[in-house]
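**Q** Before anything else, here's the structure in question.
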2 protein chains.
Amino acid sequence: MTAVETGTIEGAGPEQLVRVPLGSRSYDILIGPGLIARAGGEITARLKGRRAAVITDANVGPLYLEALTDSLQTDGIESVSLTLPAGEKTKNFENLIAVVDLALTARLERNDMIIALGGGVIGDLAGFAAGIVKRGIRFVQIPTSLLAQVDSSVGGKTGINTRHGKNLVGVFHQPDLVLADADALGTLSEREFRAGYAEVAKYGLIDKPDFFAWLEKNRADVFAGGPARIEAIAASCRAKAAVVAADERENGARALLNLGHTFGHALEAAVQYDSARLVHGEGVAIGMVLAHEFSTRLNLASRDDADRVRKHLKEAGLPVSIGEIPGDLPPAEGLMEAIAQDKKVKSGKLTFILTRGVGQSFVADDVPSSEVLSFLREKYPQ
Amino acid sequence: MTAVETGTIEGAGPEQLVRVPLGSRSYDILIGPGLIARAGGEITARLKGRRAAVITDANVGPLYLEALTDSLQTDGIESVSLTLPAGEKTKNFENLIAVVDLALTARLERNDMIIALGGGVIGDLAGFAAGIVKRGIRFVQIPTSLLAQVDSSVGGKTGINTRHGKNLVGVFHQPDLVLADADALGTLSEREFRAGYAEVAKYGLIDKPDFFAWLEKNRADVFAGGPARIEAIAASCRAKAAVVAADERENGARALLNLGHTFGHALEAAVQYDSARLVHGEGVAIGMVLAHEFSTRLNLASRDDADRVRKHLKEAGLPVSIGEIPGDLPPAEGLMEAIAQDKKVKSGKLTFILTRGVGQSFVADDVPSSEVLSFLREKYPQ
């Protein structure tokens, strides 16, 4: 099973290295404990720049910013920093301009870097800034949430939100290095960790049935921390890296990464992105169950497969049905409207990631919306 | 002589086509009369999208916007438009956000397009917006100034200005089609045309000595309009396309396009970008003469070459010495400061484009600043 075969690095304890192969834009992802405290050394070993602008948020900054800047200083990297409010609303033009201004005031040159210290919000915003300052400077991701470590910090998608929707403005800008410090996950809430786990399970469901089976056996160890957790993160990064390398700019196969996301995004929109009711990973968990059930309804997958997915995510503590979302939801027609507005819609046709079973997902780009609507009506809480 | 060999297209009158070879991002530049009035047909022949946001300015819009949108409509392209104030100050974050908002309100998808109708300012701003809406949508350039036709609309550099300087924020985003309508140049002032001509001559000076000799013979015809003008534009686009194809992201050879620009930018900064005193092309003309004279001083080029460059640009009506700039200038030390701040400076070393003679330019990346300063002191008006 390739997802678990890669060994640990000799003498480095449980640390793992994943190389993302993108030609001249290839980069390393390091996964292991204690990486924030020795970030300076890992950076200077790989990058030429000796100036950095560190972007973080009000939750993460107080925990790790000092350790990071101390390490940078020790290894001769001069840094400035900016701590932004935590939360999705931070991904706006105003904060983008603030980050750009910080980088230009610090006179960063093309080899210098912006460092994102935080979750997906900080990574998306700081990466966008790194992509446009001087038409692209270096970018280092230090993701501190499980979701960011296994998903948003790998692949080069950056962006902000506007009144028209989420992530509608941004660039593709690959990081030059990702340092996924496993210790940082110790301060996540149980709910945040579970939400990130939905994306871990997703890689198994897309095209790695052995990895999904491994997760079914090792879920408790992954949640407990230690080598199994690092293995799960590394396997997820390898899976995402392979998809990204095959389709850097999302023209084809990369769409598979959206398994569960079309339904998931619509549910997030339906609760108006109120994270008290539903966070992204929870929407993806429900969405993946729905995608498998919808595939069963279309006679593509077996009922057993859909049941297996539902069971595993439920055991992980994730919601697996629309009815579990607290509070009122718009009617099924309202969800359809949100799905139609999703940016993955091309010329009015509905594109869905469907599946023939666990680890056998595929892109279907001509799904009749009437089928989706009647399926949703069935799945709605009565 | 390759620069003039390419024939005209059969049956299309004096129209010329230049292909920019950039793999999957390759695109056509059409140069000829009447292109705005048949833009719709040229676009639908090449691009799939049928929705467009047209960005123009208050000088160009009243002249050509209606003809353009009529043509788009005739060929089934739905469009919205935005007319911004004319001038360099338009290249700011506020207008970038306005263009992005227009594109998102019009629900442009990745195959739809932003069309820039105007000079370099509109092209740089609209191209930046096209590069970040949905992480990159299609972009069509309809440059209406000579400078934009031969320089800024080819090569994919986009950007805006900030309080830290010009073009310090932007992306590389290649156009999908460039329509250089020769008729649009008829409404340019003589001064604007001359300024664009400095960039035409630059291509000869970089590495096309035959083209420079051709310009020396045909300058009057190029200024008069007709086939010689179209040939000069096409030769310039071919020259720039070749450089861009060799070095899309400006890591090496593309720096040659900055011949005359290090001195030129410093002079523009010295007059605080007051276009009544100095426009970009005039700064480049003076800068190219200085680059040749500086190369002579370093015993790289002959005095005859420098004289020949000065004579040709002077005959074209361009300024060729610092003393011709009206009003007071900062001392030579002030120019040096502006040069050191230029974004092409790497790790404190001065990078200059020097020359061994007409058409023999090269990148020198370790020029002692003391040499530059004493040269500038000599060249300063006493």
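FYI, nothing fancy with the structure tokens labels: chains A, B, ... in order, residues from 1 per chain, ligands from 1 as they appear.
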Compile the contact shell of Gly49 (chain B) as a compact mmCIF listing (two decimals) with N, CA, C and O atoms, in the first residue's frame: residues with an atom at most 10 Å away, counting only C-alpha atoms, same-chain residues fewer than 6 positions apart removed.
**A**
# COMPACT_ATOMS: atom_id res chain seq x y z
N SER A 347 -20.87 26.77 -17.90
CA SER A 347 -21.91 26.99 -18.90
C SER A 347 -23.25 26.36 -18.50
O SER A 347 -23.94 25.76 -19.32
N ILE B 43 -12.60 37.62 -31.89
CA ILE B 43 -12.64 36.95 -30.58
C ILE B 43 -13.38 35.61 -30.68
O ILE B 43 -12.87 34.59 -30.21
N GLY B 76 -22.52 37.98 -30.81
CA GLY B 76 -23.09 37.16 -29.74
C GLY B 76 -22.35 37.22 -28.42
O GLY B 76 -22.52 36.34 -27.57
N ILE B 77 -21.53 38.26 -28.22
CA ILE B 77 -20.86 38.41 -26.92
C ILE B 77 -21.57 39.50 -26.12
O ILE B 77 -21.61 40.66 -26.54
N GLU B 78 -22.11 39.09 -24.99
CA GLU B 78 -22.78 40.01 -24.07
C GLU B 78 -21.71 40.79 -23.31
O GLU B 78 -20.75 40.18 -22.83
N LEU B 108 -18.87 36.48 -14.73
CA LEU B 108 -17.94 35.93 -15.72
C LEU B 108 -17.39 34.60 -15.21
O LEU B 108 -17.03 34.48 -14.04
N GLU B 109 -17.34 33.62 -16.08
CA GLU B 109 -16.73 32.34 -15.75
C GLU B 109 -15.32 32.30 -16.34
O GLU B 109 -14.89 33.24 -17.00
N ARG B 110 -14.59 31.21 -16.08
CA ARG B 110 -13.18 31.19 -16.47
C ARG B 110 -12.94 31.37 -17.96
O ARG B 110 -11.91 31.90 -18.36
N ASN B 111 -13.86 30.93 -18.78
CA ASN B 111 -13.70 31.11 -20.22
C ASN B 111 -14.16 32.48 -20.71
O ASN B 111 -13.91 32.83 -21.86
N ASP B 112 -14.88 33.21 -19.89
CA ASP B 112 -15.29 34.56 -20.27
C ASP B 112 -14.10 35.50 -20.15
O ASP B 112 -13.03 35.09 -19.73
N MET B 113 -14.30 36.76 -20.51
CA MET B 113 -13.10 37.61 -20.65
C MET B 113 -13.27 39.03 -20.13
O MET B 113 -14.36 39.59 -20.13
N ILE B 137 -9.14 34.52 -15.45
CA ILE B 137 -10.10 34.34 -16.54
C ILE B 137 -9.43 34.86 -17.82
O ILE B 137 -8.29 35.33 -17.80
N ARG B 138 -10.12 34.75 -18.94
CA ARG B 138 -9.53 35.15 -20.22
C ARG B 138 -9.36 36.67 -20.29
O ARG B 138 -10.10 37.42 -19.68
**Q** Extract the full set of alpha helix (DSSP H) residues from region 232-266 of chain B according to DSSP on the backbone, and format it as a PyMOL selection string.
**A** chain B and resi 232-246+261-266
**Q** Mind dumping a table of every chain A residue within 6 Å of chain B, with the nearest atom pair and its distance in Å to one decimal, using only C-alpha atoms, sorted by chain and rising number, as a Markdown table?
**A**
| residue | atom | partner | partner_atom | distance |
| --- | --- | --- | --- | --- |
| A:Ile132 | CA | B:Gly170 | CA | 4.8 |
| A:Val133 | CA | B:Val169 | CA | 4.7 |
| A:Lys134 | CA | B:Leu168 | CA | 4.9 |
| A:Arg135 | CA | B:Val171 | CA | 4.4 |
| A:Leu168 | CA | B:Lys134 | CA | 4.8 |
| A:Val169 | CA | B:Val133 | CA | 4.7 |
| A:Gly170 | CA | B:Ile132 | CA | 4.8 |
| A:Val171 | CA | B:Arg135 | CA | 4.4 |
**Q** As an MDAnalysis selection string, please: the residues near Ala182 (chain B) (cut-off 7 Å, only C-alpha atoms, same-chain neighbours under 2 positions excluded).
**A** chainID B and resid 31:33 180 184:185 230
**Q** Any chance you can output those residues with N, CA and C atoms as an mmCIF file, in the first residue's frame?
**A**
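Contents of result33.cif, freshly written:
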data_model
loop_
_atom_site.group_PDB
_atom_site.id
_atom_site.type_symbol
_atom_site.label_atom_id
_atom_site.label_comp_id
_atom_site.auth_asym_id
_atom_site.auth_seq_id
_atom_site.Cartn_x
_atom_site.Cartn_y
_atom_site.Cartn_z
ATOM 1 N N ILE B 31 -2.335 42.807 -36.035
ATOM 2 C CA ILE B 31 -1.981 44.215 -36.212
ATOM 3 C C ILE B 31 -2.516 44.667 -37.565
ATOM 4 N N GLY B 32 -3.345 45.694 -37.563
ATOM 5 C CA GLY B 32 -3.881 46.171 -38.831
ATOM 6 C C GLY B 32 -4.996 47.175 -38.600
ATOM 7 N N PRO B 33 -5.548 47.693 -39.697
ATOM 8 C CA PRO B 33 -6.632 48.683 -39.568
ATOM 9 C C PRO B 33 -7.976 48.018 -39.273
ATOM 10 N N ALA B 180 -4.318 44.905 -32.140
ATOM 11 C CA ALA B 180 -3.668 46.214 -32.237
ATOM 12 C C ALA B 180 -4.218 46.929 -33.473
ATOM 13 N N ALA B 184 -6.444 53.270 -34.537
ATOM 14 C CA ALA B 184 -6.569 53.955 -33.250
ATOM 15 C C ALA B 184 -5.415 54.925 -33.021
ATOM 16 N N LEU B 185 -4.277 54.657 -33.683
ATOM 17 C CA LEU B 185 -3.120 55.531 -33.484
ATOM 18 C C LEU B 185 -3.321 56.900 -34.127
ATOM 19 N N ILE B 230 2.681 49.642 -39.746
ATOM 20 C CA ILE B 230 2.237 48.300 -39.332
ATOM 21 C C ILE B 230 3.427 47.350 -39.259
#
**Q** Show which residues sit within 12 Å of region 298-305 of chain A, as a ChimeraX atom specification. Count only C-alpha atoms, and ignore same-chain residues fewer than 4 positions away.
**A** /A:205,209,212,288-294,309-312,353-362,364,367-368,371-372,375
**Q** Compile the contact shell of Leu35 (chain A) as a list in words: residues with an atom at most 9 Å away, counting only C-alpha atoms, same-chain residues fewer than 4 positions apart removed.
**A**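 Residues meeting the cut-off are Leu30, Ile31, Ala39, Glu42, Ile142, Leu179, Ala180, Asp181, Ala182 and Asp183 of chain A.
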**Q** Pull N, CA and C atoms from the residues just selected and write them as a compact mmCIF listing (two decimals), in the first residue's frame.
**A**
# COMPACT_ATOMS: atom_id res chain seq x y z
N LEU A 30 7.41 19.33 5.15
CA LEU A 30 7.95 18.58 6.30
C LEU A 30 6.83 18.42 7.30
N ILE A 31 6.68 17.20 7.81
CA ILE A 31 5.63 16.91 8.79
C ILE A 31 6.29 16.27 10.00
N ALA A 39 12.13 26.47 12.58
CA ALA A 39 11.75 26.92 11.24
C ALA A 39 12.90 27.64 10.54
N GLU A 42 15.28 25.23 8.85
CA GLU A 42 14.68 24.54 7.70
C GLU A 42 14.55 25.49 6.51
N ILE A 142 3.21 27.69 7.31
CA ILE A 142 3.34 26.96 8.58
C ILE A 142 1.92 26.73 9.09
N LEU A 179 5.88 23.76 6.43
CA LEU A 179 6.30 23.15 7.68
C LEU A 179 5.06 22.83 8.50
N ALA A 180 4.67 21.55 8.51
CA ALA A 180 3.47 21.13 9.23
C ALA A 180 3.90 20.60 10.59
N ASP A 181 3.82 21.45 11.60
CA ASP A 181 4.27 21.10 12.94
C ASP A 181 3.17 20.32 13.65
N ALA A 182 3.42 19.05 13.88
CA ALA A 182 2.39 18.20 14.50
C ALA A 182 2.05 18.66 15.91
N ASP A 183 3.00 19.28 16.60
CA ASP A 183 2.72 19.75 17.96
C ASP A 183 1.63 20.81 17.98
**Q** For each of B:Val243, B:Ala276, B:Cys237, B:Val363, take the minimum atom-to-atom distance to Glu192 (chain B), counting only C-alpha atoms, then give the residue where this is smallest.
**A**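 Closest to Glu192 (chain B) of all the choices is B:Ala276.
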**Q** Using only C-alpha atoms, which of the listed residues (A:Thr56, A:Ala338, A:Leu63, A:Ala235) sits closest to Gly186 (chain A)?
**A**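 Nearest to Gly186 (chain A): A:Leu63.
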**Q** To one decimal place, how far is CA of Glu337 (chain B) from CA of Ala269 (chain B) in Å?
**A**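 Result for CA of Glu337 (chain B) versus CA of Ala269 (chain B): 10.3 Å, one decimal.
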**Q** Pull the strand (DSSP E) assignments for region 150-309 of chain B out of DSSP run on the backbone, and list those residues as a list in words.
**A**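 Answer for region 150-309 of chain B restricted to strand (DSSP E) is Ile160, Asn161, Thr162, Gly165, Lys166, Asn167, Leu168, Val169, Leu177, Val178, Leu179, Ala180 and Asp181 of chain B.
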**Q** Write a file of the selected residues as a compact mmCIF listing (two decimals), in the first residue's frame, keeping N, CA, C and O atoms.
**A**
# COMPACT_ATOMS: atom_id res chain seq x y z
N ILE B 160 -0.41 47.33 -10.64
CA ILE B 160 -0.86 48.63 -10.19
C ILE B 160 0.26 49.30 -9.40
O ILE B 160 1.28 48.67 -9.10
N ASN B 161 0.03 50.57 -9.05
CA ASN B 161 1.01 51.33 -8.28
C ASN B 161 0.56 51.42 -6.82
O ASN B 161 -0.63 51.32 -6.52
N THR B 162 1.52 51.59 -5.92
CA THR B 162 1.18 51.87 -4.52
C THR B 162 2.04 53.05 -4.08
O THR B 162 2.86 53.55 -4.85
N GLY B 165 5.72 52.70 -4.88
CA GLY B 165 6.29 52.80 -6.22
C GLY B 165 5.38 52.24 -7.29
O GLY B 165 4.28 51.75 -7.00
N LYS B 166 5.86 52.30 -8.53
CA LYS B 166 5.06 51.85 -9.67
C LYS B 166 5.18 50.35 -9.89
O LYS B 166 6.26 49.78 -9.77
N ASN B 167 4.07 49.72 -10.25
CA ASN B 167 4.05 48.32 -10.68
C ASN B 167 4.64 47.36 -9.65
O ASN B 167 5.17 46.32 -10.02
N LEU B 168 4.53 47.71 -8.38
CA LEU B 168 5.10 46.84 -7.36
C LEU B 168 4.13 45.73 -6.94
O LEU B 168 4.48 44.83 -6.19
N VAL B 169 2.90 45.80 -7.44
CA VAL B 169 1.90 44.77 -7.14
C VAL B 169 1.25 44.33 -8.45
O VAL B 169 0.80 45.18 -9.22
N LEU B 177 -5.54 37.09 -26.54
CA LEU B 177 -5.61 37.69 -27.87
C LEU B 177 -5.27 39.17 -27.73
O LEU B 177 -5.70 39.80 -26.77
N VAL B 178 -4.50 39.69 -28.69
CA VAL B 178 -4.21 41.13 -28.73
C VAL B 178 -4.66 41.66 -30.09
O VAL B 178 -4.27 41.11 -31.12
N LEU B 179 -5.51 42.68 -30.08
CA LEU B 179 -5.95 43.30 -31.33
C LEU B 179 -5.39 44.72 -31.37
O LEU B 179 -5.88 45.62 -30.68
N ALA B 180 -4.32 44.90 -32.14
CA ALA B 180 -3.67 46.21 -32.24
C ALA B 180 -4.22 46.93 -33.47
O ALA B 180 -3.78 46.69 -34.60
N ASP B 181 -5.21 47.78 -33.25
CA ASP B 181 -5.87 48.48 -34.35
C ASP B 181 -5.05 49.70 -34.75
O ASP B 181 -4.94 50.67 -33.99
